[in-house]
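Chemist: Mind having a look at this structure? Questions to follow.
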Amino acid sequence: MSLSELFLDHIAYLQSGYAKALQAASFDAVVLHSGRGLKQRTVDDQYWPLKVNPSFAHWLPLLEDNVLVVVRPGKTPRLIRAKGSSFWEGPAPIPGDHFWSSFEVIECSPTAMKDYCPSGRVAFIGDALEAAKSLGFQAEVCNPASLLSELDALRSIKSSYEVFCLTEATRIAIRGHIAVDSEFHQRTQSEFDLHLHYLRETQQDSTETPYGNIVAFGPNAAILHHVHYGRQVDTNANQSLLIDAGASYMGYASDITRTTVRGGSQAAQDFRALIAGLDALQLQLIAKVKPGVAYESVHDLAHAKLADLLIESGLCKGKSEDLLSLGITRAFFPHGLGHSLGLQVHDVGCRLVPPSDKNPFLRNTSTIAEGQVFTLEPGCYFIEALLAPLRETEAQSMISWSTLEALRPYGGIRIEDNLVVSTTASINLTRDNWSPSN
Ligand SMILES: [Mn+2]
């Protein structure tokens, strides 16, 4: 199917989903606002790059300021664009022409936009509450929780069009990852150089990536969100690289992490074996993904398997169940196994209930369902702030501190793929498309 055909199906999916959501929340219609440029500081005239509201982006990939989508059940959605008068900036490029024919398009002056909004019980969804006010919306119909929760649930199950966009976003990111891996193994560079190389290969500006790239050499990989890239060329023959970087396509995000190591020292070889172990562990977890399984149970299984890996690799000794009960695996792997992926890199709709107390950072507590798209990203890090307290507990004797010290210069490992849940299992968008010819 072409992008246009996929989009028609997507709009039909949204029309029926929105009709049900509006009925459930007792609204006749909803007006979705794209957003307004936000000033960085009141004392100057610099604006943050526009990030459109995700409910608006669910309908079309237009990156424009002050645009409305009006959704009324049973009627063609209406797209209302304000005719601009700014001569300072040109409009953002329009990413395709597959969506126009699905809308009744109205172009008018900003003050006339109000005239095209429906009457009755109408909700407003958007970040720019000033715009809501000028359109005549009362505060109680702006971003109503009852409607938002219905729309979040709709966003958690992706249409075929959305899966196509998420696949494209993944393919673009793969190009960058393969290029950076090759650079890292061919010549010494700085983290900053590799970050720029990734942007060039994926043809994205840093404001267009779905999140700030994480590009970390050695110990910096133990800083989970390392974004202050070193400018120094790293000439270390034995060195590791963790890169967590995605791409955007039609507003949809990919999110991929890879870890690699160069050099032939004993420690580099041991770290390479640990990467291979975590890679195999990740694939075993992915094999458990299918509709009906609780995502949190896969997260718990990740800890059980990590306990085994820590023992096999010589980092820990004793019994796996003791590593779990003493919280040792949580010191090595403190974050959640993954999160919903879509219009936001940490997408909505998959953490409707809180995780158990032992998994505070888990962002996916859903029962896995066909059409969900999420990441699966186990990690294993040497984070001093988490490991140091274990020296004071009975866990102390279960950790091989000398092995840990030898591996500590390599920081840590994360391996992250993007999955779409099928009828019986999952499709791995990352590994299935891993080719430099993307
Ligand atoms: Mn992620």
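Convention: chains lettered A, B, ... in structure tokens order; per-chain residue numbering from 1; ligands numbered from 1 as shown.
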Within 8 Å of ligand 1 (counting only C-alpha atoms and all ligand atoms), which residues show up? I'd like them as a list in words.
Modeler: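 The distance check yields Asp244, Asp255, Ile256, Thr257, Gly338, His339, Val345, His346, Thr375, Leu376, Glu377 and Glu416 of chain A.
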Chemist: With C-alpha atoms retained, write the just-selected residues as an mmCIF file, in the first residue's frame.
Modeler:
```cif
data_model
loop_
_atom_site.group_PDB
_atom_site.id
_atom_site.type_symbol
_atom_site.label_atom_id
_atom_site.label_comp_id
_atom_site.auth_asym_id
_atom_site.auth_seq_id
_atom_site.Cartn_x
_atom_site.Cartn_y
_atom_site.Cartn_z
ATOM 1 C CA ASP A 244 21.540 5.967 22.024
ATOM 2 C CA ASP A 255 14.935 4.990 19.664
ATOM 3 C CA ILE A 256 17.941 2.704 19.250
ATOM 4 C CA THR A 257 20.939 1.987 21.465
ATOM 5 C CA GLY A 338 11.395 -0.189 27.841
ATOM 6 C CA HIS A 339 8.628 2.222 26.934
ATOM 7 C CA VAL A 345 9.801 8.881 22.261
ATOM 8 C CA HIS A 346 8.329 7.956 25.635
ATOM 9 C CA THR A 375 11.351 -0.532 23.006
ATOM 10 C CA LEU A 376 13.114 -3.367 24.785
ATOM 11 C CA GLU A 377 16.419 -2.170 26.237
ATOM 12 C CA GLU A 416 17.767 -1.231 22.524
#
```
Chemist: If you run DSSP on the backbone, which residues of stretch 26-63 of chain A are helix (DSSP H, G or I), as a VMD selection string?
Modeler: chain A and resid 54 to 57
Chemist: Keeping only C-alpha atoms, write the selected residues as an mmCIF file, in the first residue's frame.
Modeler:
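out_28.cif was written with the following content:
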```
data_model
loop_
_atom_site.group_PDB
_atom_site.id
_atom_site.type_symbol
_atom_site.label_atom_id
_atom_site.label_comp_id
_atom_site.auth_asym_id
_atom_site.auth_seq_id
_atom_site.Cartn_x
_atom_site.Cartn_y
_atom_site.Cartn_z
ATOM 1 C CA PRO A 54 1.043 15.035 19.875
ATOM 2 C CA SER A 55 -2.760 14.795 19.629
ATOM 3 C CA PHE A 56 -2.560 17.230 16.689
ATOM 4 C CA ALA A 57 0.364 15.266 15.227
#
```
Chemist: Quick one: of A:Gln186, A:Val141, A:Arg391, A:Leu407, who's nearest to A:Ala273, counting only C-alpha atoms?
Modeler: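 Ranked by minimum distance to A:Ala273, first place goes to A:Leu407.
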Chemist: Using only C-alpha atoms, which protein or nucleic acid residues come within 6 Å of stretch 297-311 of chain A? Drop anything in the same chain fewer than 6 positions from it, and give the result as a list of chain:residue names.
Modeler: A:Lys317, A:Ser320, A:Leu337
Chemist: Distance atom CA of A:Trp48-atom CA of A:Thr207, one decimal place?
Modeler: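 The value is 9.4 Å.
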Chemist: Closest to A:Leu60 among A:Leu135, A:Leu6, A:Met250, A:Leu22, using only C-alpha atoms?
Modeler: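 For A:Leu60, the nearest of the candidates is A:Met250.
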Chemist: Would you list the contacts of A:Ile178 as a VMD selection string, taking every protein, DNA or RNA residue within 9 Å and counting only C-alpha atoms, but skipping same-chain residues closer than 5 positions in sequence?
Modeler: chain A and resid 173 183 434 to 436
Chemist: Do you know which residues are at most 10 Å from stretch 189-203 of chain A counting only C-alpha atoms, after dropping those on the same chain fewer than 3 positions away, and could you put them as a PyMOL selection string?
Modeler: chain A and resi 169+171-181+183-186+206+208-209+212-217+227-235+241+243+245-248
Chemist: With N, CA and C atoms retained, write the just-selected residues as a tab-separated table (two decimals), in the first residue's frame.
Modeler:
```tsv
chain	number	residue	atom	x	y	z
A	169	ALA	N	11.30	5.67	10.52
A	169	ALA	CA	12.11	6.36	11.53
A	169	ALA	C	13.24	5.44	12.01
A	171	ARG	N	14.57	2.94	10.26
A	171	ARG	CA	15.54	2.74	9.17
A	171	ARG	C	16.51	3.93	9.07
A	172	ILE	N	16.01	5.12	9.27
A	172	ILE	CA	16.87	6.31	9.21
A	172	ILE	C	17.91	6.24	10.34
A	173	ALA	N	17.44	5.89	11.53
A	173	ALA	CA	18.37	5.80	12.68
A	173	ALA	C	19.42	4.72	12.45
A	174	ILE	N	19.01	3.62	11.83
A	174	ILE	CA	19.97	2.52	11.58
A	174	ILE	C	21.12	3.02	10.71
A	175	ARG	N	20.79	3.82	9.69
A	175	ARG	CA	21.86	4.39	8.84
A	175	ARG	C	22.90	5.11	9.69
A	176	GLY	N	22.43	5.90	10.64
A	176	GLY	CA	23.34	6.65	11.51
A	176	GLY	C	24.16	5.74	12.41
A	177	HIS	N	23.49	4.73	12.97
A	177	HIS	CA	24.20	3.82	13.88
A	177	HIS	C	25.30	3.04	13.15
A	178	ILE	N	24.99	2.56	11.95
A	178	ILE	CA	25.99	1.78	11.21
A	178	ILE	C	27.17	2.68	10.84
A	179	ALA	N	26.88	3.92	10.44
A	179	ALA	CA	27.96	4.84	10.06
A	179	ALA	C	28.84	5.20	11.27
A	180	VAL	N	28.21	5.44	12.42
A	180	VAL	CA	28.98	5.81	13.62
A	180	VAL	C	29.82	4.62	14.09
A	181	ASP	N	29.27	3.44	14.03
A	181	ASP	CA	30.03	2.24	14.44
A	181	ASP	C	31.28	2.11	13.57
A	183	GLU	N	32.87	4.50	11.88
A	183	GLU	CA	33.79	5.59	12.23
A	183	GLU	C	34.57	5.26	13.50
A	184	PHE	N	33.84	4.79	14.51
A	184	PHE	CA	34.46	4.52	15.81
A	184	PHE	C	35.57	3.46	15.67
A	185	HIS	N	35.32	2.46	14.82
A	185	HIS	CA	36.31	1.39	14.69
A	185	HIS	C	37.42	1.73	13.69
A	186	GLN	N	37.21	2.75	12.85
A	186	GLN	CA	38.23	3.09	11.84
A	186	GLN	C	39.22	4.15	12.31
A	206	SER	N	19.98	18.85	15.17
A	206	SER	CA	19.82	18.35	16.54
A	206	SER	C	18.44	18.68	17.10
A	208	GLU	N	15.75	18.31	15.40
A	208	GLU	CA	14.79	17.44	14.72
A	208	GLU	C	14.83	16.01	15.23
A	209	THR	N	15.88	15.64	15.95
A	209	THR	CA	15.92	14.27	16.49
A	209	THR	C	14.85	14.16	17.59
A	212	GLY	N	17.68	14.10	22.58
A	212	GLY	CA	19.10	14.41	22.46
A	212	GLY	C	19.92	13.13	22.38
A	213	ASN	N	20.75	13.01	21.35
A	213	ASN	CA	21.59	11.82	21.23
A	213	ASN	C	22.42	11.63	22.49
A	214	ILE	N	22.61	10.37	22.87
A	214	ILE	CA	23.56	10.03	23.93
A	214	ILE	C	24.74	9.36	23.24
A	215	VAL	N	25.91	10.00	23.33
A	215	VAL	CA	27.11	9.46	22.70
A	215	VAL	C	28.18	9.43	23.78
A	216	ALA	N	28.53	8.22	24.24
A	216	ALA	CA	29.34	8.11	25.45
A	216	ALA	C	30.50	7.15	25.26
A	217	PHE	N	31.71	7.67	25.49
A	217	PHE	CA	32.90	6.82	25.54
A	217	PHE	C	33.09	6.32	26.97
A	227	VAL	N	24.84	13.74	27.67
A	227	VAL	CA	24.63	14.57	26.48
A	227	VAL	C	25.64	15.74	26.40
A	228	HIS	N	26.57	15.80	27.36
A	228	HIS	CA	27.61	16.83	27.27
A	228	HIS	C	28.82	16.18	26.59
A	229	TYR	N	28.78	16.15	25.26
A	229	TYR	CA	29.76	15.39	24.49
A	229	TYR	C	31.17	15.95	24.65
A	230	GLY	N	32.10	15.02	24.89
A	230	GLY	CA	33.50	15.44	24.97
A	230	GLY	C	33.98	15.94	23.62
A	231	ARG	N	34.77	17.03	23.64
A	231	ARG	CA	35.31	17.58	22.39
A	231	ARG	C	36.72	17.04	22.10
A	232	GLN	N	37.29	16.33	23.07
A	232	GLN	CA	38.65	15.81	22.91
A	232	GLN	C	38.62	14.54	22.07
A	233	VAL	N	39.55	14.43	21.11
A	233	VAL	CA	39.69	13.17	20.36
A	233	VAL	C	40.21	12.11	21.32
A	234	ASP	N	39.55	10.97	21.35
A	234	ASP	CA	39.94	9.91	22.27
A	234	ASP	C	40.86	8.93	21.53
A	235	THR	N	42.10	8.89	21.96
A	235	THR	CA	43.08	8.06	21.25
A	235	THR	C	43.29	6.71	21.90
A	241	LEU	N	32.05	2.40	23.23
A	241	LEU	CA	31.13	3.46	22.80
A	241	LEU	C	29.70	2.98	23.02
A	243	ILE	N	25.99	4.39	22.13
A	243	ILE	CA	25.24	5.44	21.41
A	243	ILE	C	23.76	5.11	21.42
A	245	ALA	N	20.51	6.82	20.01
A	245	ALA	CA	20.10	7.88	19.08
A	245	ALA	C	18.97	7.39	18.20
A	246	GLY	N	18.05	8.30	17.90
A	246	GLY	CA	16.88	7.93	17.09
A	246	GLY	C	16.73	8.84	15.89
A	247	ALA	N	15.56	8.78	15.31
A	247	ALA	CA	15.25	9.63	14.16
A	247	ALA	C	13.75	9.88	14.14
A	248	SER	N	13.36	10.90	13.38
A	248	SER	CA	11.94	11.24	13.24
A	248	SER	C	11.51	11.03	11.80
```
Chemist: As a ChimeraX atom specification, which residues of stretch 85-302 of chain A does DSSP assign to strand (DSSP E)?
Modeler: /A:104-108,122-125,214-217,239-245,248-249,252-253,256-262
Chemist: Write out as JSON lines a residue-level contact list of stretch 121-228 of chain A versus stretch 352-366 of chain A with cut-off 12 Å: for each qualifying residue the closest pair of atoms and the distance in Å to one decimal, counting only C-alpha atoms, rows sorted by chain and residue number upward.
Modeler:
```
{"residue": "A:Ser149", "atom": "CA", "partner": "A:Leu352", "partner_atom": "CA", "distance": 8.9}
{"residue": "A:Glu150", "atom": "CA", "partner": "A:Leu352", "partner_atom": "CA", "distance": 11.2}
{"residue": "A:Asp152", "atom": "CA", "partner": "A:Leu352", "partner_atom": "CA", "distance": 9.5}
{"residue": "A:Ala153", "atom": "CA", "partner": "A:Leu352", "partner_atom": "CA", "distance": 8.9}
{"residue": "A:Ser156", "atom": "CA", "partner": "A:Ser366", "partner_atom": "CA", "distance": 9.8}
{"residue": "A:Ile157", "atom": "CA", "partner": "A:Ser366", "partner_atom": "CA", "distance": 11.6}
```
Chemist: Within 12 Å of A:Arg155, counting only C-alpha atoms, which residues qualify if same-chain residues fewer than 2 places away don't, as an MDAnalysis selection string?
Modeler: chainID A and resid 10 13:14 17:18 21 54:59 148:153 157:159 162:163 252 340:344 346:350 371:373
Chemist: Produce a file of the selected residues containing C-alpha atoms, as a PDB file, in the first residue's frame.
Modeler:
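Now in selection.pdb:
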```pdb
ATOM      1  CA  HIS A  10      -5.243   5.834   9.465  1.00  0.00           C
ATOM      2  CA  TYR A  13      -9.075   4.595  12.360  1.00  0.00           C
ATOM      3  CA  LEU A  14      -8.851   8.019  14.003  1.00  0.00           C
ATOM      4  CA  GLY A  17     -11.540   6.081  17.640  1.00  0.00           C
ATOM      5  CA  TYR A  18     -12.291   9.761  18.216  1.00  0.00           C
ATOM      6  CA  ALA A  21     -13.612   8.765  22.794  1.00  0.00           C
ATOM      7  CA  PRO A  54       1.043  15.035  19.875  1.00  0.00           C
ATOM      8  CA  SER A  55      -2.760  14.795  19.629  1.00  0.00           C
ATOM      9  CA  PHE A  56      -2.560  17.230  16.689  1.00  0.00           C
ATOM     10  CA  ALA A  57       0.364  15.266  15.227  1.00  0.00           C
ATOM     11  CA  HIS A  58      -1.746  12.090  15.419  1.00  0.00           C
ATOM     12  CA  TRP A  59      -3.826  13.567  12.556  1.00  0.00           C
ATOM     13  CA  LEU A 148      -7.177  12.731  27.104  1.00  0.00           C
ATOM     14  CA  SER A 149      -7.124   9.289  28.719  1.00  0.00           C
ATOM     15  CA  GLU A 150      -9.315   7.933  25.899  1.00  0.00           C
ATOM     16  CA  LEU A 151      -7.044   9.496  23.271  1.00  0.00           C
ATOM     17  CA  ASP A 152      -3.906   8.186  24.994  1.00  0.00           C
ATOM     18  CA  ALA A 153      -5.356   4.676  24.839  1.00  0.00           C
ATOM     19  CA  ILE A 157      -2.365   0.889  19.427  1.00  0.00           C
ATOM     20  CA  LYS A 158      -0.776   1.921  16.155  1.00  0.00           C
ATOM     21  CA  SER A 159      -2.448   1.932  12.736  1.00  0.00           C
ATOM     22  CA  GLU A 162       1.897   4.592  12.055  1.00  0.00           C
ATOM     23  CA  VAL A 163       3.819   1.312  11.935  1.00  0.00           C
ATOM     24  CA  TYR A 252       7.096   9.457  14.654  1.00  0.00           C
ATOM     25  CA  SER A 340       5.905   2.833  24.412  1.00  0.00           C
ATOM     26  CA  LEU A 341       7.128   4.473  21.200  1.00  0.00           C
ATOM     27  CA  GLY A 342       5.177   6.710  18.820  1.00  0.00           C
ATOM     28  CA  LEU A 343       4.661  10.437  18.395  1.00  0.00           C
ATOM     29  CA  GLN A 344       6.671  10.852  21.583  1.00  0.00           C
ATOM     30  CA  HIS A 346       8.329   7.956  25.635  1.00  0.00           C
ATOM     31  CA  ASP A 347       4.839   7.562  24.276  1.00  0.00           C
ATOM     32  CA  VAL A 348       1.588   7.540  26.196  1.00  0.00           C
ATOM     33  CA  GLY A 349      -0.879   4.796  26.892  1.00  0.00           C
ATOM     34  CA  CYS A 350       1.328   1.990  28.253  1.00  0.00           C
ATOM     35  CA  GLY A 371      -0.462  -3.067  17.490  1.00  0.00           C
ATOM     36  CA  GLN A 372       1.595  -1.744  20.390  1.00  0.00           C
ATOM     37  CA  VAL A 373       5.059  -0.415  19.529  1.00  0.00           C
TER      38      VAL A 373
END
```
Chemist: Report, in Å to a single decimal, how far apart atom CA of A:Leu79 and atom CA of A:Val105 are.
Modeler: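 So the two atoms, atom CA of A:Val105 and atom CA of A:Leu79, lie 4.8 Å apart.
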